[in-house]
Each structure stands twice: as C-alpha cells, then as structure tokens.
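A.B. asks: The structure is given below, and queries will be raised subsequently.
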Amino acid sequence: MYLSIWLGILMGSSGCSSTEKKPDELAEVRQAALATPDPVILDNPLAKRMNNPSTMPTVPPAGAKIGYSQVNITEKVVAMTFDDGPHPTLTPKLLDILKARNIKCTFFVIGRSAKTYPNIIRRMIAEGHEVANHTWTHASLTSRSDAQIRTELQQSEDALVAAANYRPHLIRPPYGAINTRIKQLMFSEFGYSTIMWSVDPQDWRRPGVSVVTSRLVNGAHPGAIMLAHDIHPPTIEAMPAMFDQLLAKGYQFVTVSQLLNMEKANMPVGVVIRPAMAVDDKDPTPLPQ
Ligand SMILES: [Zn+2]
C-alpha cells in the first residue's frame, strides 16, 4: 500500500513538471502508475520501503534531554559549575587553582561581563573549560517576554562568539527561575539544554569558607552538578580544600557536557527521550533575587 501511495505522489509531481496536465489527466497518470509499478523499483528490495521523514521523531534526538539537574551514573564523577563571572581578579585566581589540579569546570557567564573581559573567556576555552550562557544581564527569565528572553540569550551568545569564536549549548537560568515552556523555547530555538544543579552550598550568602567547602564535599554524589559563584572571595578560598578532599575520596571532575555524555553513553541504542519525559526535574523554586 505504501508503495502505491509513494508511486502516486512521485508520478503526480514529476508529470506536472514536464507537461502541464489538468487534474483529471493527473489522476489518469496516477492510475496508470499504480497499474504498472516501475520494475526498477520492484527489483530493488530496499526501495519497496517508503522513506517517510514525517514518521521520524521531531523531538530532541536520543539522549538530548532539554533539562538536567544531575545525571544518572554510578561512577564518582561530578561537574563543578561557576556562575555569574567572569570576575576580573577572582576568576583568573580560580583558573590557577583549576590548572594546578588539571580540573575542568563549566562557567555559566553573564554575557555583558564576557564582553568586558574577553581575555578571561579565551583563557577558559584555551584551558579546556566549558563556557555556557547565563543570559546577558542576569535576567530572571520567568518575568521576561519571549522577545526579551531571545535578546538575553542571543546577546550573550554573540559576546562569546566575538570573544573566542565559541558557541555555547548550555544555559543556566539566573535565580533558577525557569519553567518547562521556556526550557522548550530555549532548546528549540537555541539548541540549549537547561542546566540546574543538585548540590547548592548557598555560597552567595557567604556562610564562611569552611562551610562552603564542607557543603560541597558532603553533598557530592555520582553524577552531581555542583553550583558555586566565582564572584565571591570566600567561594574562591573554599575551592582548593573542596577539590582536594573530593579528589582524595576518588571523585573526578568533568565539564557538564562531559557528564551528560556519560549518561548518554549508558543509554541503549535508539532510545528517544521526548520532551515530556526529558524534563527530569519539576520546575524549581527560584532563589531569592
Ligand atoms: Zn547567576
């Protein structure tokens, strides 16, 4: 049956391009085609199967979830993420700490800061870190129009392309203010997966260096996405002990994309995750602004 339909479509359209035929003549051509299928096609067993792209998934491809707050792995591997930079002095200091340990992290940078400090962005990229979008002005996306959201994302992306010819594919919404609809908009229009976190030391409240260290060390778990901010001096001070204690416990640090790839690598071939299942977390309660 499929073959008949396909032949009908083929003959209908090709017949039309060579000579102008009236609709009833086209119907006759289709009838003739159905009566005498092309022997070349019938000789080719593969051609008997109709190629029909409309049956293909229009949702994110296998493994391309649109939102993550952690990944489902058993290995002691985590992704450390830093938001709200780059900061002109603290971020380079952090990069030194990371370099000394060969640790790669993910930086969710504010676009206008990236434009101000492009050299820091270039250094992040050159040293193997991942850079991702945290909007242009640190905007709360749930209180913006779609047009404003697009501008926030695009300006920030443009700043990264201008600084380092680097196009991000992850976004973290400022304040954690997000909903499923906006996640889907950002995925379909920008190709961004939305990255939340599973470990939050609340370092922006400046609870003290040792508290930030211990909250991250105690909170770490296989597949964790851990949050901190590279614009607070105590946070930077807390990092060496945090990294060293987790390394001593056998943890490895990777970028967020590397962590996501570990989960994808564990998936059976052909698994397709639809957006409705892909949003693995309920919409979170935003942080205070
Ligand atoms: Zn932020």
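Letters for chains follow the order of the structure tokens (A, B, ...), residue numbers begin at 1 for each chain, and ligand numbers begin at 1 in the order shown.
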Would you list the contacts of Asp203 (chain A) as an mmCIF file with N, CA and C atoms, in the first residue's frame, taking every protein, DNA or RNA residue within 9 Å and counting only C-alpha atoms, but skipping same-chain residues closer than 4 positions in sequence?

C.D. replies:
```
data_model
loop_
_atom_site.group_PDB
_atom_site.id
_atom_site.type_symbol
_atom_site.label_atom_id
_atom_site.label_comp_id
_atom_site.auth_asym_id
_atom_site.auth_seq_id
_atom_site.Cartn_x
_atom_site.Cartn_y
_atom_site.Cartn_z
ATOM 1 N N PRO A 207 28.468 32.055 53.749
ATOM 2 C CA PRO A 207 28.373 31.401 55.067
ATOM 3 C C PRO A 207 29.737 31.124 55.710
ATOM 4 N N GLY A 208 30.808 31.421 55.000
ATOM 5 C CA GLY A 208 32.145 31.138 55.531
ATOM 6 C C GLY A 208 32.836 30.106 54.665
ATOM 7 N N VAL A 209 34.161 30.239 54.595
ATOM 8 C CA VAL A 209 34.941 29.393 53.685
ATOM 9 C C VAL A 209 34.750 27.914 53.993
ATOM 10 N N VAL A 211 32.464 26.363 55.548
ATOM 11 C CA VAL A 211 31.087 25.875 55.334
ATOM 12 C C VAL A 211 30.859 25.582 53.845
ATOM 13 N N VAL A 212 31.356 26.475 52.996
ATOM 14 C CA VAL A 212 31.205 26.236 51.551
ATOM 15 C C VAL A 212 31.921 24.943 51.172
ATOM 16 N N LEU A 227 27.059 23.657 42.283
ATOM 17 C CA LEU A 227 26.923 25.089 41.984
ATOM 18 C C LEU A 227 27.797 25.930 42.909
ATOM 19 N N ALA A 228 28.440 26.935 42.341
ATOM 20 C CA ALA A 228 29.101 27.965 43.151
ATOM 21 C C ALA A 228 29.218 29.208 42.266
ATOM 22 N N HIS A 229 29.719 30.283 42.842
ATOM 23 C CA HIS A 229 29.777 31.569 42.126
ATOM 24 C C HIS A 229 31.194 32.129 42.218
ATOM 25 N N HIS A 232 32.593 35.699 44.468
ATOM 26 C CA HIS A 232 32.677 35.909 45.914
ATOM 27 C C HIS A 232 34.041 35.421 46.410
ATOM 28 N N PRO A 234 35.214 34.470 49.359
ATOM 29 C CA PRO A 234 35.252 33.247 50.189
ATOM 30 C C PRO A 234 35.013 31.966 49.379
ATOM 31 N N THR A 235 34.229 32.077 48.307
ATOM 32 C CA THR A 235 33.999 30.897 47.462
ATOM 33 C C THR A 235 35.318 30.428 46.843
#
```

A.B. asks: Hey, what does DSSP flag as strand (DSSP E or B) within region 52-257 of chain A? Can you give it to me as a PyMOL selection string?

C.D. replies: chain A and resi 67-68+70+77-83+106-109+130-133+170-171+193-195+199+224-229+252-254

A.B. asks: Please measure the separation of CA of Met196 (chain A) and CA of Ser69 (chain A), giving the value in Å to one decimal.

C.D. replies: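 Pair CA of Met196 (chain A) / CA of Ser69 (chain A) returns 4.4 Å.
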
A.B. asks: Compute the set of protein, DNA and RNA residues whose minimum atom distance to ligand 1 is at most 7 Å, using only C-alpha atoms and all ligand atoms, and state it as a ChimeraX atom specification.

C.D. replies: /A:83-84,134,138,174-175

A.B. asks: Choose the residue, out of A:Thr137, A:Ser188, A:Gln245, A:Gln258, that has the smallest atom-to-atom separation from Thr213 (chain A); count only C-alpha atoms.

C.D. replies: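 Checking each candidate against Thr213 (chain A), we get A:Gln245 as the closest.
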
A.B. asks: Given the choices A:Ala132, A:Ala238, A:Cys105, A:Val78, which gets closest to Tyr192 (chain A) if the distance is worked out from only C-alpha atoms?

C.D. replies: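 Going through A:Ala132, A:Ala238, A:Cys105, A:Val78 one by one, the smallest distance to Tyr192 (chain A) is for A:Ala132.
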
A.B. asks: Quick one: everything within 9 Å of Tyr117 (chain A), counting only C-alpha atoms, minus sequence neighbours fewer than 6 positions away in the same chain. Send it as a PyMOL selection string.

C.D. replies: chain A and resi 86-88+163

A.B. asks: For a quick check of understanding, using only C-alpha atoms, which of A:Ile120, A:Val199, A:Ser257, A:Pro240 has the smallest distance to Thr89 (chain A)?

C.D. replies: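 Closest candidate: A:Ile120.
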